[in-house]
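Undergrad: I have a structure here, written as structure tokens, and I will follow up with some questions on it.
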Amino acid sequence: MTKFDQSRDNVMNNNTFVQETRTGKTLKPLLLLLLSLILLVPMASASTPASATGSFTGTVAITSISQADGNTIITAIETQTLSGFLTGTRIATGVEIIHPDGTFSAHDSGTFTGTVNGRSGSVVITGSSTGTGASGSGQFVVEQGTAGLAGLHAQGMFQPTVTGPTTVTGTYSLQYHFDP
């Protein structure tokens, strides 16, 4: 190896050292920033989910009835009175389809106004159900809260039972949390 080759190797090693030092100096503040952001994430999470239950009664005002392919399609406005975890009134519009074999499927969406866990406000509750005859089961989602119910998120199950031509009763259970 000549002196020229040794000199060139030393310059390359020095350049590599300088480049690695600059990269290290640039990355250290970025790594510290990234680490601090990661540590802040748990503080921005929602509260721990909790369980709750209740019951409801409802009256239905039919707005239209039609037939298609042997199915009966009923459009209605339902007024529900809820008790338990959700305490107040819900007014919803929905559609129920009764099939020729006696099964049904339904979905609705409406605004609940009342109290939840001691907080007052309004939320949108959207649900769907299926069943046979006068009883069934369904799922629902609670979202878009206002006032004291802002940040409320819930999902659950309900069991409706038709008690008359335009009346229903049932129970519900849900998992919920409030955003911080």
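Note on naming: chains are A, B, ... as they come in the structure tokens, residues start from 1 per chain, ligands start from 1 in the order shown.
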Per residue of region 78-173 of chain A within 9 Å of region 47-67 of chain A, what are the shortest atom pair and its distance in Å to one decimal, counting only C-alpha atoms, with rows by chain and residue number, as a Markdown table?
TA:
```
| residue | atom | partner | partner_atom | distance |
| --- | --- | --- | --- | --- |
| A:Glu78 | CA | A:Val60 | CA | 4.4 |
| A:Thr79 | CA | A:Thr59 | CA | 5.5 |
| A:Gln80 | CA | A:Gly58 | CA | 4.1 |
| A:Thr81 | CA | A:Thr57 | CA | 5.4 |
| A:Leu82 | CA | A:Phe56 | CA | 4.4 |
| A:Ser83 | CA | A:Ser55 | CA | 5.5 |
| A:Gly84 | CA | A:Gly54 | CA | 4.1 |
| A:Phe85 | CA | A:Gly54 | CA | 5.8 |
| A:Leu86 | CA | A:Gly54 | CA | 6.9 |
| A:Thr87 | CA | A:Gly54 | CA | 8.6 |
| A:Ala154 | CA | A:Pro49 | CA | 8.8 |
| A:Phe158 | CA | A:Ser55 | CA | 8.8 |
| A:Pro160 | CA | A:Phe56 | CA | 8.6 |
| A:Pro165 | CA | A:Val60 | CA | 8.6 |
| A:Thr166 | CA | A:Val60 | CA | 4.9 |
| A:Thr167 | CA | A:Thr59 | CA | 4.6 |
| A:Val168 | CA | A:Gly58 | CA | 5.1 |
| A:Thr169 | CA | A:Thr57 | CA | 4.2 |
| A:Gly170 | CA | A:Phe56 | CA | 5.4 |
| A:Thr171 | CA | A:Ser55 | CA | 4.1 |
| A:Tyr172 | CA | A:Gly54 | CA | 5.4 |
| A:Ser173 | CA | A:Thr53 | CA | 4.3 |
```
Undergrad: Residues as selected, C-alpha atoms, written as a short mmCIF file (atom, residue, chain, number, x, y, z; two decimals), in the first residue's frame, can you do that?
TA:
```cif
data_model
loop_
_atom_site.label_atom_id
_atom_site.label_comp_id
_atom_site.auth_asym_id
_atom_site.auth_seq_id
_atom_site.Cartn_x
_atom_site.Cartn_y
_atom_site.Cartn_z
CA GLU A 78 -91.51 5.44 17.31
CA THR A 79 -91.56 7.27 20.63
CA GLN A 80 -89.70 5.39 23.35
CA THR A 81 -89.41 5.97 27.07
CA LEU A 82 -86.12 4.59 28.39
CA SER A 83 -85.17 3.87 31.99
CA GLY A 84 -82.04 2.58 33.68
CA PHE A 85 -78.69 3.81 32.41
CA LEU A 86 -80.41 5.81 29.64
CA THR A 87 -83.26 7.78 31.24
CA ALA A 154 -71.81 3.14 23.36
CA PHE A 158 -81.68 -5.03 22.93
CA PRO A 160 -87.89 -6.01 21.91
CA PRO A 165 -100.68 -3.42 17.54
CA THR A 166 -98.61 -0.25 18.10
CA THR A 167 -96.76 -0.90 21.38
CA VAL A 168 -93.45 -2.54 22.27
CA THR A 169 -91.42 -3.14 25.41
CA GLY A 170 -87.94 -4.51 26.00
CA THR A 171 -84.58 -4.49 27.74
CA TYR A 172 -81.12 -3.36 26.71
CA SER A 173 -77.51 -3.84 27.77
#
```
Undergrad: Could you list, as number ranges by chain, every residue within 12 Å of Thr72 (chain A), counting only C-alpha atoms and ignoring same-chain residues fewer than 6 positions away?
TA: A: 64-66, 95-106
Undergrad: Output C-alpha atoms of each residue in that selection to a file, as a CSV table (one decimal), in the first residue's frame.
TA:
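Saved file part22.csv follows:
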```
chain,number,residue,atom,x,y,z
A,64,SER,CA,-97.0,4.1,5.5
A,65,ILE,CA,-97.6,0.4,4.7
A,66,SER,CA,-96.7,-1.1,1.4
A,95,VAL,CA,-88.6,0.7,8.6
A,96,GLU,CA,-89.7,-2.8,9.4
A,97,ILE,CA,-90.0,-5.5,6.8
A,98,ILE,CA,-92.2,-8.5,7.6
A,99,HIS,CA,-91.4,-11.5,5.4
A,100,PRO,CA,-94.0,-14.1,4.3
A,101,ASP,CA,-92.5,-16.7,6.7
A,102,GLY,CA,-93.2,-14.5,9.7
A,103,THR,CA,-89.7,-13.2,10.3
A,104,PHE,CA,-88.9,-9.5,10.4
A,105,SER,CA,-86.0,-7.2,10.0
A,106,ALA,CA,-86.0,-3.6,11.1
```
Undergrad: Fewer than 3 positions away in the same chain doesn't count, so skip those; otherwise give me all residues within 8 Å of Leu149 (chain A), counting only C-alpha atoms, as a PyMOL selection string.
TA: chain A and resi 116+119-123+145-146+152
Undergrad: Separation of CA of Gln144 (chain A) and CA of Thr75 (chain A), in Å?
TA: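 About the pair CA of Gln144 (chain A) and CA of Thr75 (chain A): they are 24.0 Å apart.
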Undergrad: Using only C-alpha atoms, determine which residues lie at most 12 Å from Val142 (chain A), disregarding the query and same-chain residues fewer than 3 positions distant; provide the list as a short mmCIF file (atom, residue, chain, number, x, y, z; two decimals) with N, CA and C atoms, in the first residue's frame.
TA:
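Dumped everything to part_17.cif:
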```
data_model
loop_
_atom_site.label_atom_id
_atom_site.label_comp_id
_atom_site.auth_asym_id
_atom_site.auth_seq_id
_atom_site.Cartn_x
_atom_site.Cartn_y
_atom_site.Cartn_z
N LEU A 86 -79.86 4.73 30.49
CA LEU A 86 -80.41 5.81 29.64
C LEU A 86 -81.79 6.14 30.22
N ARG A 90 -86.74 8.90 23.45
CA ARG A 90 -86.12 8.77 22.12
C ARG A 90 -87.23 8.81 21.08
N SER A 109 -83.37 5.09 13.39
CA SER A 109 -82.41 6.04 13.93
C SER A 109 -83.20 7.19 14.54
N GLY A 110 -82.76 7.65 15.70
CA GLY A 110 -83.48 8.74 16.35
C GLY A 110 -82.66 9.42 17.42
N THR A 111 -83.23 10.49 17.93
CA THR A 111 -82.57 11.30 18.95
C THR A 111 -83.12 10.98 20.33
N PHE A 112 -82.21 10.66 21.23
CA PHE A 112 -82.52 10.46 22.64
C PHE A 112 -82.19 11.74 23.38
N THR A 113 -83.11 12.19 24.22
CA THR A 113 -82.87 13.36 25.07
C THR A 113 -83.15 12.95 26.50
N VAL A 116 -77.75 10.40 31.21
CA VAL A 116 -76.93 9.20 31.15
C VAL A 116 -75.89 9.32 32.25
N SER A 122 -78.29 15.21 24.60
CA SER A 122 -78.91 14.42 23.54
C SER A 122 -77.85 13.60 22.82
N VAL A 123 -78.27 12.45 22.31
CA VAL A 123 -77.42 11.59 21.49
C VAL A 123 -78.26 10.98 20.37
N VAL A 124 -77.59 10.52 19.34
CA VAL A 124 -78.25 9.78 18.27
C VAL A 124 -78.07 8.30 18.56
N ILE A 125 -79.20 7.56 18.54
CA ILE A 125 -79.16 6.11 18.72
C ILE A 125 -79.67 5.48 17.44
N THR A 126 -78.85 4.62 16.84
CA THR A 126 -79.20 3.92 15.60
C THR A 126 -79.20 2.42 15.90
N GLY A 127 -80.27 1.74 15.46
CA GLY A 127 -80.36 0.32 15.76
C GLY A 127 -80.93 -0.50 14.63
N GLN A 139 -79.12 -4.84 17.74
CA GLN A 139 -77.93 -4.11 18.16
C GLN A 139 -78.17 -2.62 17.96
N GLY A 145 -73.12 12.87 20.68
CA GLY A 145 -73.69 13.49 21.86
C GLY A 145 -73.50 15.01 21.88
N THR A 146 -74.43 15.67 22.56
CA THR A 146 -74.35 17.12 22.76
C THR A 146 -74.46 17.42 24.26
N LEU A 149 -73.67 15.08 27.23
CA LEU A 149 -73.46 13.76 26.62
C LEU A 149 -72.45 13.80 25.47
N ALA A 150 -71.83 14.95 25.28
CA ALA A 150 -70.76 15.04 24.28
C ALA A 150 -69.66 14.07 24.70
N GLY A 151 -69.14 13.31 23.76
CA GLY A 151 -68.08 12.36 24.05
C GLY A 151 -68.57 11.00 24.49
N LEU A 152 -69.90 10.80 24.58
CA LEU A 152 -70.43 9.48 24.94
C LEU A 152 -70.42 8.58 23.71
N HIS A 153 -69.88 7.38 23.87
CA HIS A 153 -69.89 6.37 22.82
C HIS A 153 -70.35 5.07 23.45
N ALA A 154 -71.31 4.40 22.81
CA ALA A 154 -71.81 3.14 23.36
C ALA A 154 -72.29 2.24 22.24
N GLN A 155 -72.29 0.96 22.52
CA GLN A 155 -72.90 -0.01 21.63
C GLN A 155 -73.47 -1.11 22.50
N GLY A 156 -74.58 -1.69 22.01
CA GLY A 156 -75.20 -2.70 22.84
C GLY A 156 -76.20 -3.55 22.11
N MET A 157 -76.91 -4.33 22.90
CA MET A 157 -77.92 -5.25 22.41
C MET A 157 -79.26 -4.90 23.06
N LEU A 174 -75.49 -2.55 27.41
CA LEU A 174 -74.51 -1.87 26.57
C LEU A 174 -73.17 -1.74 27.23
N GLN A 175 -72.18 -1.43 26.42
CA GLN A 175 -70.83 -1.06 26.84
C GLN A 175 -70.67 0.40 26.46
N TYR A 176 -70.15 1.23 27.36
CA TYR A 176 -70.01 2.66 27.06
C TYR A 176 -68.72 3.22 27.61
N HIS A 177 -68.35 4.40 27.10
CA HIS A 177 -67.28 5.20 27.66
C HIS A 177 -67.50 6.65 27.24
N PHE A 178 -66.95 7.55 28.02
CA PHE A 178 -66.95 8.98 27.68
C PHE A 178 -65.53 9.37 27.29
#
```
